[in-house]
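Shown next: input-v9.cif, containing mmCIF, C-alpha atoms.
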data_target
loop_
_atom_site.label_atom_id
_atom_site.label_comp_id
_atom_site.auth_asym_id
_atom_site.auth_seq_id
_atom_site.Cartn_x
_atom_site.Cartn_y
_atom_site.Cartn_z
CA MET M 1 22.68 -94.71 59.73
CA ARG M 2 19.42 -93.30 58.37
CA TYR M 3 16.36 -95.37 57.50
CA VAL M 4 13.60 -93.86 55.36
CA PRO M 5 10.75 -95.94 53.90
CA TRP M 6 9.67 -93.78 50.96
CA TYR M 7 6.30 -92.80 49.50
CA PRO M 8 6.66 -94.56 46.06
CA TYR M 9 6.14 -97.85 47.93
CA PRO M 10 3.02 -97.06 49.97
CA GLN M 11 2.48 -100.53 51.41
CA ALA M 12 5.98 -100.58 52.88
CA ALA M 13 5.99 -96.93 53.93
CA VAL M 14 2.47 -96.43 55.29
CA ALA M 15 1.00 -98.58 58.05
CA GLU M 16 -2.59 -97.35 57.69
CA LEU M 17 -3.49 -97.06 54.02
CA LYS M 18 -7.20 -96.44 54.60
CA ALA M 19 -8.93 -94.09 57.02
CA PRO M 20 -10.61 -95.78 59.99
CA THR M 21 -14.37 -96.10 60.02
CA ALA M 22 -16.75 -96.23 62.96
CA THR M 23 -16.32 -100.01 63.11
CA GLU M 24 -12.97 -100.87 61.53
CA THR M 25 -9.30 -99.81 61.29
CA PHE M 26 -6.79 -100.85 58.65
CA TRP M 27 -3.38 -101.10 60.33
CA ASP M 28 -0.96 -103.40 58.49
CA PHE M 29 2.81 -103.69 59.07
CA GLN M 30 3.45 -106.82 57.00
CA TYR M 31 5.47 -104.94 54.37
CA ALA M 32 7.00 -102.34 56.70
CA ASP M 33 8.39 -104.78 59.28
CA PRO M 34 10.86 -106.97 57.33
CA ALA M 35 13.12 -104.17 56.10
CA LEU M 36 13.04 -102.28 59.40
CA VAL M 37 13.90 -105.43 61.36
CA ASP M 38 16.77 -106.22 58.97
CA PHE M 39 18.03 -102.64 59.27
CA MET M 40 17.96 -102.67 63.08
CA GLU M 41 19.78 -106.01 63.18
CA ALA M 42 22.42 -104.86 60.68
CA THR M 43 23.11 -101.57 62.49
CA LYS M 44 23.45 -102.81 66.06
CA GLY M 45 25.98 -100.63 67.86
CA HIS M 46 25.30 -97.63 65.62
CA PRO M 47 22.68 -95.01 66.55
CA PRO M 48 20.00 -95.05 63.83
CA VAL M 49 18.04 -92.10 62.50
CA ILE M 50 14.52 -93.39 61.82
CA ASN M 51 12.19 -91.54 59.48
CA PHE M 52 8.84 -93.05 58.55
CA SER M 53 8.44 -90.09 56.26
CA THR M 54 5.15 -90.69 54.47
CA ILE M 55 1.92 -89.26 55.82
CA PRO M 56 -1.07 -91.40 54.75
CA VAL M 57 -2.48 -89.59 51.73
CA TRP M 58 -6.04 -89.87 53.04
CA MET M 59 -5.03 -87.32 55.69
CA PHE M 60 -4.76 -84.74 52.89
CA LYS M 61 -7.57 -83.07 51.02
CA THR M 62 -7.61 -84.51 47.47
CA ALA M 63 -10.08 -84.26 44.61
CA GLU M 64 -10.71 -87.99 44.82
CA PRO M 65 -9.34 -90.94 46.83
CA VAL M 66 -5.85 -92.06 45.82
CA GLN M 67 -5.73 -95.71 44.77
CA HIS M 68 -2.33 -97.38 45.11
CA PRO M 69 -1.31 -100.52 43.16
CA ALA M 70 -2.05 -103.92 44.67
CA ASP M 71 1.53 -105.03 44.01
CA PRO M 72 3.63 -103.75 46.97
CA ASP M 73 6.82 -103.82 44.87
CA LEU M 74 5.44 -101.62 42.09
CA PRO M 75 6.59 -97.98 42.41
CA PHE M 76 3.72 -95.53 42.65
CA TRP M 77 4.87 -91.94 42.27
CA SER M 78 1.42 -90.38 42.71
CA TYR M 79 1.13 -91.12 46.42
CA LYS M 80 2.17 -87.58 47.34
CA LEU M 81 -1.02 -85.82 46.22
CA GLY M 82 -2.56 -83.12 48.37
CA LYS M 83 -1.13 -79.96 49.92
CA GLU M 84 -3.65 -79.27 52.70
CA LEU M 85 -4.29 -81.51 55.72
CA ARG M 86 -7.89 -82.45 56.41
CA ASP M 87 -7.10 -81.89 60.12
CA SER M 88 -5.40 -78.50 60.12
CA THR M 89 -4.22 -78.89 63.74
CA GLY M 90 -1.83 -81.72 62.81
CA LYS M 91 -3.18 -83.93 65.60
CA GLU M 92 -4.33 -86.66 63.22
CA VAL M 93 -0.82 -86.83 61.71
CA ALA M 94 0.79 -86.80 65.15
CA ASP M 95 -1.46 -89.61 66.42
CA TYR M 96 -0.49 -91.71 63.39
CA PHE M 97 3.22 -91.32 64.03
CA VAL M 98 2.78 -92.03 67.76
CA ARG M 99 1.21 -95.37 66.86
CA VAL M 100 3.96 -96.21 64.34
CA PHE M 101 6.63 -95.24 66.87
CA SER M 102 4.90 -97.30 69.57
CA TRP M 103 4.63 -100.34 67.29
CA TYR M 104 8.40 -100.45 67.04
CA THR M 105 9.44 -99.25 70.50
CA LYS M 106 6.63 -100.05 72.97
CA GLY M 107 5.55 -103.51 71.85
CA GLY M 108 2.37 -102.25 70.19
CA PHE M 109 -0.31 -99.56 70.31
CA THR M 110 -4.01 -98.92 70.83
CA ASP M 111 -5.85 -97.96 67.65
CA GLU M 112 -8.56 -95.34 67.04
CA LEU M 113 -11.29 -97.76 68.21
CA GLY M 114 -9.54 -98.82 71.41
CA LYS M 115 -8.11 -102.13 70.16
CA PHE M 116 -4.54 -103.04 71.11
CA HIS M 117 -2.22 -104.22 68.31
CA LYS M 118 0.74 -106.23 69.67
CA SER M 119 4.06 -106.10 67.80
CA GLY M 120 6.63 -107.50 70.20
CA HIS M 121 9.14 -104.86 69.02
CA HIS M 122 11.09 -102.92 71.67
CA TYR M 123 13.71 -101.08 69.65
CA LYS M 124 15.40 -97.90 70.79
CA PHE M 125 15.06 -94.96 68.40
CA PRO M 126 17.60 -92.34 69.56
CA TYR M 127 16.83 -90.07 66.59
CA TRP M 128 13.55 -89.49 64.79
CA GLU M 129 13.46 -87.30 61.67
CA VAL M 130 10.12 -85.66 60.92
CA LEU M 131 9.16 -86.14 57.24
CA ASN M 132 11.45 -86.24 54.22
CA GLU M 133 11.86 -83.53 51.58
CA PRO M 134 8.62 -81.77 52.53
CA ASP M 135 9.41 -79.03 50.01
CA LEU M 136 8.91 -81.63 47.24
CA GLU M 137 6.55 -84.17 48.82
CA HIS M 138 3.23 -82.33 49.10
CA GLN M 139 5.14 -79.05 48.55
CA LEU M 140 4.59 -77.97 52.14
CA SER M 141 5.34 -74.42 53.21
CA PRO M 142 7.83 -73.85 56.04
CA GLN M 143 4.89 -72.69 58.16
CA LEU M 144 2.78 -75.83 57.65
CA TYR M 145 5.81 -78.09 58.02
CA THR M 146 6.71 -76.42 61.33
CA LYS M 147 3.16 -76.91 62.60
CA ILE M 148 3.34 -80.63 61.71
CA TYR M 149 6.81 -80.92 63.26
CA ASP M 150 5.62 -79.37 66.53
CA ALA M 151 2.56 -81.61 66.74
CA VAL M 152 4.56 -84.79 66.03
CA VAL M 153 7.45 -83.94 68.34
CA LEU M 154 5.29 -82.93 71.30
CA ALA M 155 3.30 -86.15 70.96
CA LEU M 156 6.37 -88.38 70.61
CA LYS M 157 8.23 -86.74 73.50
CA LYS M 158 5.42 -87.85 75.82
CA ILE M 159 6.23 -91.50 75.12
CA SER M 160 9.97 -91.19 74.40
CA PRO M 161 11.49 -88.16 76.18
CA GLU M 162 15.06 -89.34 75.45
CA THR M 163 14.63 -89.30 71.65
CA LYS M 164 16.26 -86.45 69.70
CA PHE M 165 14.34 -84.95 66.79
CA ILE M 166 15.57 -83.78 63.39
CA GLY M 167 13.66 -81.25 61.32
CA ILE M 168 13.53 -79.56 57.91
CA SER M 169 15.04 -82.39 55.75
CA VAL M 170 14.54 -80.35 52.58
CA ALA M 171 15.67 -81.51 49.16
CA LEU M 172 16.46 -77.99 47.96
CA GLU M 173 18.47 -75.95 50.43
CA THR M 174 18.30 -72.86 48.21
CA ASP M 175 15.38 -71.16 50.00
CA PRO M 176 16.62 -69.44 53.18
CA GLN M 177 13.00 -69.03 54.37
CA TRP M 178 13.01 -72.67 55.50
CA PHE M 179 15.94 -72.09 57.82
CA GLU M 180 14.96 -68.59 58.97
CA TYR M 181 11.46 -69.74 59.89
CA PHE M 182 12.10 -73.21 61.34
CA LEU M 183 15.20 -72.30 63.37
CA ASN M 184 13.47 -69.35 65.04
CA PRO M 185 12.22 -70.61 68.44
CA ALA M 186 9.47 -67.99 68.36
CA ASN M 187 7.78 -69.96 65.54
CA HIS M 188 7.43 -73.12 67.66
CA GLN M 189 5.11 -74.17 70.43
CA PRO M 190 6.47 -74.10 74.00
CA GLY M 191 8.44 -77.23 74.86
CA VAL M 192 9.37 -78.12 71.27
CA PRO M 193 13.11 -78.86 71.05
CA LEU M 194 15.23 -77.85 68.07
CA ASP M 195 17.64 -80.74 68.44
CA GLY M 196 18.81 -80.99 64.85
CA ILE M 197 18.20 -80.08 61.24
CA SER M 198 18.96 -81.87 57.97
CA TYR M 199 19.07 -81.18 54.25
CA HIS M 200 20.31 -82.80 51.03
CA PHE M 201 22.65 -82.34 48.08
CA TYR M 202 23.01 -84.15 44.74
CA GLY M 203 25.42 -83.20 41.98
CA ARG M 204 24.06 -83.46 38.44
CA PRO M 205 25.36 -83.11 34.88
CA ALA M 206 24.92 -79.60 33.50
CA SER M 207 23.25 -81.01 30.37
CA LEU M 208 21.98 -84.35 29.07
CA ASP M 209 24.65 -84.63 26.38
CA GLN M 210 27.61 -84.37 28.75
CA ARG M 211 30.20 -87.15 28.96
CA ILE M 212 32.08 -88.24 32.07
CA ASP M 213 35.04 -85.95 31.34
CA SER M 214 32.58 -83.07 31.69
CA TYR M 215 30.65 -84.48 34.68
CA GLN M 216 33.70 -83.86 36.84
CA TYR M 217 33.52 -80.10 36.34
CA SER M 218 29.76 -79.94 36.89
CA PHE M 219 29.85 -82.07 40.05
CA PHE M 220 32.69 -80.23 41.76
CA ASP M 221 31.45 -76.79 40.69
CA GLN M 222 28.04 -77.63 42.13
CA ALA M 223 29.67 -79.01 45.28
CA ASN M 224 31.47 -75.70 45.78
CA GLY M 225 28.24 -73.79 45.27
CA PHE M 226 26.56 -76.05 47.81
CA LEU M 227 29.34 -75.37 50.33
CA ASP M 228 28.69 -71.64 50.00
CA ARG M 229 25.04 -72.25 50.82
CA VAL M 230 26.03 -74.44 53.79
CA ARG M 231 28.09 -71.56 55.18
CA TYR M 232 25.12 -69.24 54.75
CA ILE M 233 22.78 -71.72 56.48
CA GLU M 234 25.30 -72.15 59.29
CA ASN M 235 25.21 -68.40 59.91
CA ILE M 236 21.43 -68.57 60.22
CA ARG M 237 21.66 -71.57 62.56
CA LYS M 238 24.31 -69.99 64.79
CA ARG M 239 22.26 -66.81 65.05
CA LEU M 240 18.89 -68.43 65.81
CA ALA M 241 19.60 -71.89 67.28
CA PRO M 242 23.31 -72.31 68.10
CA ASN M 243 22.82 -75.58 69.97
CA THR M 244 21.07 -77.32 67.04
CA PHE M 245 23.16 -79.94 65.23
CA THR M 246 23.24 -80.41 61.45
CA HIS M 247 23.01 -83.64 59.47
CA ILE M 248 23.49 -83.34 55.72
CA ASN M 249 21.98 -86.76 55.33
CA GLU M 250 21.67 -87.33 51.61
CA ILE M 251 24.78 -86.68 49.52
CA GLY M 252 25.20 -88.19 46.08
CA THR M 253 25.05 -87.67 42.34
CA ILE M 254 22.20 -88.18 39.87
CA LEU M 255 22.69 -88.50 36.11
CA GLU M 256 19.14 -87.75 34.97
CA ASN M 257 16.10 -89.10 36.80
CA ARG M 258 14.79 -91.93 38.98
CA ASP M 259 14.65 -94.36 36.06
CA TYR M 260 17.91 -93.61 34.26
CA LYS M 261 18.34 -96.14 31.46
CA GLY M 262 21.60 -94.96 29.94
CA VAL M 263 24.96 -96.67 30.25
CA ILE M 264 26.65 -95.75 33.52
CA PRO M 265 30.44 -95.64 32.95
CA ALA M 266 32.49 -97.55 35.51
CA GLU M 267 34.46 -94.37 36.29
CA TYR M 268 31.24 -92.61 37.31
CA TRP M 269 31.17 -94.44 40.65
CA ASN M 270 34.70 -93.26 41.41
CA LEU M 271 33.84 -89.68 40.46
CA SER M 272 30.73 -89.75 42.65
CA GLY M 273 32.73 -91.15 45.56
CA ALA M 274 35.50 -88.59 45.06
CA MET M 275 32.93 -85.79 45.24
CA PHE M 276 31.61 -87.22 48.51
CA ALA M 277 35.15 -87.41 49.92
CA TYR M 278 35.73 -83.78 48.94
CA LEU M 279 32.50 -82.71 50.64
CA PHE M 280 33.41 -84.78 53.72
CA VAL M 281 36.59 -82.74 54.10
CA GLU M 282 35.02 -79.35 53.42
CA LEU M 283 31.95 -79.99 55.61
CA SER M 284 34.30 -81.09 58.41
CA LYS M 285 36.10 -77.75 58.14
CA ILE M 286 32.78 -75.90 58.41
CA GLY M 287 31.82 -77.95 61.47
CA ILE M 288 28.88 -79.98 60.13
CA ASP M 289 28.12 -82.79 62.58
CA ALA M 290 27.39 -85.61 60.14
CA ALA M 291 27.57 -86.19 56.39
CA HIS M 292 25.64 -89.18 55.07
CA GLU M 293 26.22 -90.83 51.71
CA SER M 294 23.05 -91.74 49.79
CA GLN M 295 21.95 -94.51 49.14
CA LEU M 296 22.77 -98.13 49.97
CA VAL M 297 20.85 -99.83 47.15
CA GLY M 298 19.45 -98.12 44.06
CA TYR M 299 18.18 -99.85 40.92
CA PRO M 300 16.16 -99.06 37.78
CA THR M 301 13.04 -97.07 38.76
CA GLN M 302 14.78 -96.16 42.07
CA PHE M 303 17.74 -93.98 41.07
CA PRO M 304 20.20 -96.61 39.84
CA ASP M 305 22.94 -93.96 39.61
CA VAL M 306 22.81 -93.26 43.35
CA THR M 307 23.50 -96.79 44.57
CA MET M 308 26.49 -97.97 46.60
CA VAL M 309 25.81 -101.59 45.64
CA ASN M 310 25.69 -103.17 42.18
CA TRP M 311 22.03 -104.23 42.05
CA LYS M 312 22.84 -107.02 39.60
CA THR M 313 25.68 -108.68 41.52
CA GLY M 314 25.29 -107.43 45.08
CA LYS M 315 28.91 -106.27 45.09
CA PRO M 316 29.74 -102.88 46.60
CA ASN M 317 30.92 -100.29 44.09
CA ALA M 318 33.55 -97.56 44.43
CA ARG M 319 31.14 -95.22 46.24
CA TYR M 320 30.82 -97.80 49.00
CA TRP M 321 34.55 -98.48 49.20
CA ILE M 322 35.36 -94.75 49.39
CA LEU M 323 32.85 -94.34 52.21
CA LYS M 324 34.46 -97.27 54.02
CA LEU M 325 37.91 -95.79 53.45
CA LEU M 326 36.85 -92.53 55.10
CA LYS M 327 34.95 -94.25 57.92
CA ASP M 328 37.85 -96.55 58.78
CA ASN M 329 40.47 -93.80 58.83
CA PHE M 330 38.80 -90.67 60.20
CA GLY M 331 36.33 -89.84 62.93
CA PRO M 332 35.33 -87.68 65.89
CA GLY M 333 38.29 -86.27 67.78
CA ASP M 334 40.63 -86.14 64.79
CA LYS M 335 42.45 -82.85 64.22
CA LEU M 336 42.43 -81.33 60.74
CA VAL M 337 45.74 -79.76 59.72
CA PRO M 338 46.50 -77.76 56.56
CA ALA M 339 47.90 -79.58 53.54
CA SER M 340 48.42 -78.72 49.89
CA SER M 341 49.07 -80.94 46.89
CA HIS M 342 50.36 -77.92 44.90
CA HIS M 343 48.14 -79.16 42.08
CA PRO M 344 44.74 -77.52 41.45
CA ASP M 345 43.05 -80.82 40.56
CA VAL M 346 44.11 -82.74 43.67
CA ALA M 347 42.53 -81.81 47.00
CA ALA M 348 44.68 -82.58 50.05
CA GLN M 349 43.87 -82.62 53.75
CA GLY M 350 46.02 -83.61 56.71
CA PHE M 351 44.65 -85.34 59.80
CA ILE M 352 46.13 -86.16 63.18
CA THR M 353 44.26 -89.26 64.30
CA ALA M 354 44.48 -91.62 67.26
CA SER M 355 46.38 -94.05 65.02
CA GLY M 356 48.82 -91.52 63.59
CA LYS M 357 49.27 -88.75 61.03
CA LYS M 358 47.42 -89.22 57.75
CA LEU M 359 47.11 -87.42 54.43
CA LEU M 360 43.94 -87.61 52.34
CA LEU M 361 44.34 -87.02 48.58
CA ILE M 362 41.38 -86.64 46.19
CA ASN M 363 41.87 -86.52 42.43
CA LYS M 364 38.94 -84.52 41.05
CA THR M 365 39.72 -85.36 37.42
CA ASN M 366 39.70 -88.29 35.02
CA LYS M 367 43.45 -88.11 34.48
CA GLU M 368 46.58 -89.39 36.20
CA ILE M 369 48.51 -86.76 38.14
CA SER M 370 52.10 -86.99 39.38
CA LEU M 371 52.87 -85.57 42.84
CA GLN M 372 56.13 -85.24 44.74
CA LEU M 373 55.90 -86.50 48.32
CA PRO M 374 59.37 -85.90 49.74
CA ALA M 375 60.54 -87.76 52.85
CA MET M 376 57.47 -90.02 52.83
CA GLU M 377 59.09 -93.26 51.69
CA GLY M 378 57.86 -96.13 53.83
CA ALA M 379 54.43 -94.62 54.37
CA THR M 380 51.50 -96.95 53.77
CA LEU M 381 48.59 -96.08 51.52
CA GLN M 382 45.03 -97.20 50.89
CA THR M 383 43.39 -96.32 47.58
CA VAL M 384 40.11 -96.56 45.72
CA ASP M 385 40.45 -95.59 42.06
CA VAL M 386 39.28 -96.55 38.57
CA HIS M 387 41.49 -99.65 38.69
CA THR M 388 40.05 -101.05 41.92
CA GLY M 389 36.48 -100.81 40.53
CA ASP M 390 34.06 -102.92 42.56
CA ASN M 391 36.95 -104.57 44.40
CA PRO M 392 38.03 -103.76 47.95
CA ILE M 393 40.41 -100.97 48.92
CA ALA M 394 43.93 -101.44 47.53
CA HIS M 395 46.85 -101.39 50.00
CA ALA M 396 50.48 -100.56 49.16
CA ALA M 397 53.60 -98.83 50.47
CA LEU M 398 55.37 -95.74 49.14
CA THR M 399 58.82 -96.66 47.89
CA THR M 400 59.75 -93.38 46.13
CA SER M 401 58.97 -89.70 46.56
CA THR M 402 57.03 -89.64 43.27
CA PHE M 403 53.40 -90.69 43.58
CA LEU M 404 51.00 -91.14 40.68
CA VAL M 405 47.46 -90.26 41.68
CA LYS M 406 45.12 -92.34 39.53
CA PRO M 407 41.98 -90.85 37.89
CA PHE M 408 39.27 -90.04 40.45
CA ALA M 409 41.43 -91.67 43.14
CA VAL M 410 40.75 -91.23 46.83
CA THR M 411 43.89 -92.14 48.75
CA VAL M 412 44.80 -92.19 52.45
CA ILE M 413 48.53 -92.11 53.20
CA LYS M 414 49.57 -93.00 56.75
CA MET M 415 52.91 -91.46 57.72
CA LYS M 416 55.64 -93.71 59.00
CA GLU M 417 56.14 -93.18 62.71
#
Conversion result in structure tokens:
Amino acid sequence: MRYVPWYPYPQAAVAELKAPTATETFWDFQYADPALVDFMEATKGHPPVINFSTIPVWMFKTAEPVQHPADPDLPFWSYKLGKELRDSTGKEVADYFVRVFSWYTKGGFTDELGKFHKSGHHYKFPYWEVLNEPDLEHQLSPQLYTKIYDAVVLALKKISPETKFIGISVALETDPQWFEYFLNPANHQPGVPLDGISYHFYGRPASLDQRIDSYQYSFFDQANGFLDRVRYIENIRKRLAPNTFTHINEIGTILENRDYKGVIPAEYWNLSGAMFAYLFVELSKIGIDAAHESQLVGYPTQFPDVTMVNWKTGKPNARYWILKLLKDNFGPGDKLVPASSHHPDVAAQGFITASGKKLLLINKTNKEISLQLPAMEGATLQTVDVHTGDNPIAHAALTTSTFLVKPFAVTVIKMKE
């Protein structure tokens, strides 16, 4: 589970919105705490990846001070101004993140003027990701990002030596310079670990006038192009830092922009989930350590087309149910075995799991497809398709050798023992 307070909501994402003076500091966690506390309570038993990704904008050189809205719930997309740190060493940034980390893990911190701020929080942060999409936010170069990463990680390791650190986290994985530079140990300070890297992928329509029957081709074509880039990045990683793990920790689809106001067809959620299931299989074959679906709750102004929850009703949509289907059936230690549907539009993958042999079928199209599954009568199946909608996973049993795969269906068939 990954937690990232994001820059469009500065009061929730930044704990020190004004630079300290000779007599006063401005630390304030009143908007950051509630969501983090809820997240930590909800994810007990699961190792979280924490990423307070937003550097206070006053730490950057800007033409004039950046004034954020007084309303903490009002998105403010201009909080990422500035490309050059006012402290080029990165120490000021590192000190900030040490205090944020300490607030949540050490019960509090001492501010710039020597005053202790008590939080009472003693959470464990096993993973800390350094910044989010630095290639877009502030448009950092790989060189400047690596300098910031080193400063932050060296400072945090002093107070939490057991924490693992994740770097890069780029939005656009198309520039190999990021991976060639960051993964080269020679570009880091002594003692800086290269525990893990991360990057993102979103499928998009090829044009604004596409309909859902065309989305399917764009999304899966783009997914295949992304997989080629993943293989290329993996070659870089294996050559330069073979012990570094990889999290592809934002995977989803976007129809247009952060404030999409068009009608989102019900089938879209199934298509988006089917693409994630397909990437889950293919990334598993490549050996990627973790694939994360993005995001739990989206809504107008905050990428409504990326949500796993209906923001009007609170009900999970098909993207959520497909993620649950995969999570409940497959996991570490499973063996992948070859499988073929003998139909170009249905992806198939076999698994040998602790609970038995399973077949995963993914219909990549908005049409029903008939498959022959000989000698599989009596097998049980779980399905999310256009008919289940926002409802839970459907359960059934195979009674014949002919199986109709519904449009955009993701189905797990468990073989009869």
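What the PyMOL selection byres ((chain M and resi 409-414) around 7) grabs from this file is Ala274, Ile322, Lys357, Lys358, Leu359, Leu360, Leu361, Ile362, Asn363, Ala379, Thr380, Leu381, Gln382, Thr383, Val384, Asp385, Val405, Lys406, Pro407, Phe408, Met415 and Lys416 of chain M.
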Residues in the PyMOL selection byres ((chain M and resi 10-26) around 8), expressed as a PyMOL selection string
chain M and resi 5-9+27-32+52-59+68+72+76+79+100+111-113
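Between CA of Ser214 in chain M and CA of Asp305 in chain M lies a distance of 16.6 Å.
Taking CA of Gly262 in chain M as the reference point, CA of Gly225 in chain M is found at 27.0 Å.
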Taking the file above as input, evaluate the PyMOL selection byres ((chain M and resi 240-242) around 12) and report the hits as a PyMOL selection string.
chain M and resi 179-187+193-197+233-239+243-246
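Going from CA of Gly389 in chain M over to CA of Glu250 in chain M, you cover 22.9 Å.
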Using 12 Å as the limit and counting only C-alpha atoms, can you tabulate each residue of range 201-310 of chain M that touches range 339-350 of chain M, with its shortest atom-to-atom distance in Å and the two atoms involved, as CSV?
residue,atom,partner,partner_atom,distance
M:Gln216,CA,M:Asp345,CA,10.5
M:Tyr217,CA,M:Asp345,CA,10.4
M:Phe220,CA,M:Asp345,CA,10.4
M:Ala274,CA,M:Ala347,CA,10.0
M:Met275,CA,M:Ala347,CA,10.5
M:Ala277,CA,M:Ala347,CA,9.7
M:Tyr278,CA,M:Ala347,CA,7.3
M:Leu279,CA,M:Ala347,CA,10.7
M:Phe280,CA,M:Gln349,CA,10.7
M:Val281,CA,M:Gln349,CA,7.3
M:Glu282,CA,M:Gln349,CA,9.4
M:Ser284,CA,M:Gln349,CA,10.8
M:Lys285,CA,M:Gln349,CA,10.2
Those same residues, written as a PDB file, in the frame of the given file with C-alpha atoms?
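Everything below was put into again_24.pdb:
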ATOM      1  CA  GLN M 216      33.700 -83.860  36.840  1.00  0.00           C
ATOM      2  CA  TYR M 217      33.520 -80.100  36.340  1.00  0.00           C
ATOM      3  CA  PHE M 220      32.690 -80.230  41.760  1.00  0.00           C
ATOM      4  CA  ALA M 274      35.500 -88.590  45.060  1.00  0.00           C
ATOM      5  CA  MET M 275      32.930 -85.790  45.240  1.00  0.00           C
ATOM      6  CA  ALA M 277      35.150 -87.410  49.920  1.00  0.00           C
ATOM      7  CA  TYR M 278      35.730 -83.780  48.940  1.00  0.00           C
ATOM      8  CA  LEU M 279      32.500 -82.710  50.640  1.00  0.00           C
ATOM      9  CA  PHE M 280      33.410 -84.780  53.720  1.00  0.00           C
ATOM     10  CA  VAL M 281      36.590 -82.740  54.100  1.00  0.00           C
ATOM     11  CA  GLU M 282      35.020 -79.350  53.420  1.00  0.00           C
ATOM     12  CA  SER M 284      34.300 -81.090  58.410  1.00  0.00           C
ATOM     13  CA  LYS M 285      36.100 -77.750  58.140  1.00  0.00           C
TER      14      LYS M 285
END
For range 116-122 of chain M, work out the shell of residues within 6 Å, counting all atoms listed in the file and skipping chain neighbours fewer than 5 positions away, then give it as a ChimeraX atom specification.
/M:103-110
Could you pull the residues within 10 Å of range 228-232 of chain M, counting all atoms listed in the file, minus those fewer than 2 positions along the same chain, as a ChimeraX atom specification?
/M:173-176,199,222-226,234-237,248,283,286-288
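In terms of minimum interatomic distance to Ile50 in chain M, M:Asn249 ranks closest within M:Asn249, M:Ser218, M:Gln372, M:Gln302, counting all atoms listed in the file.
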Here's a test: counting only C-alpha atoms, identify every protein, DNA and RNA residue with an atom at most 8 Å from (15.0, -91.9, 60.3) in the file's coordinate frame, and state them as a VMD selection string.
chain M and resid 2 to 4 48 to 53 127 to 130
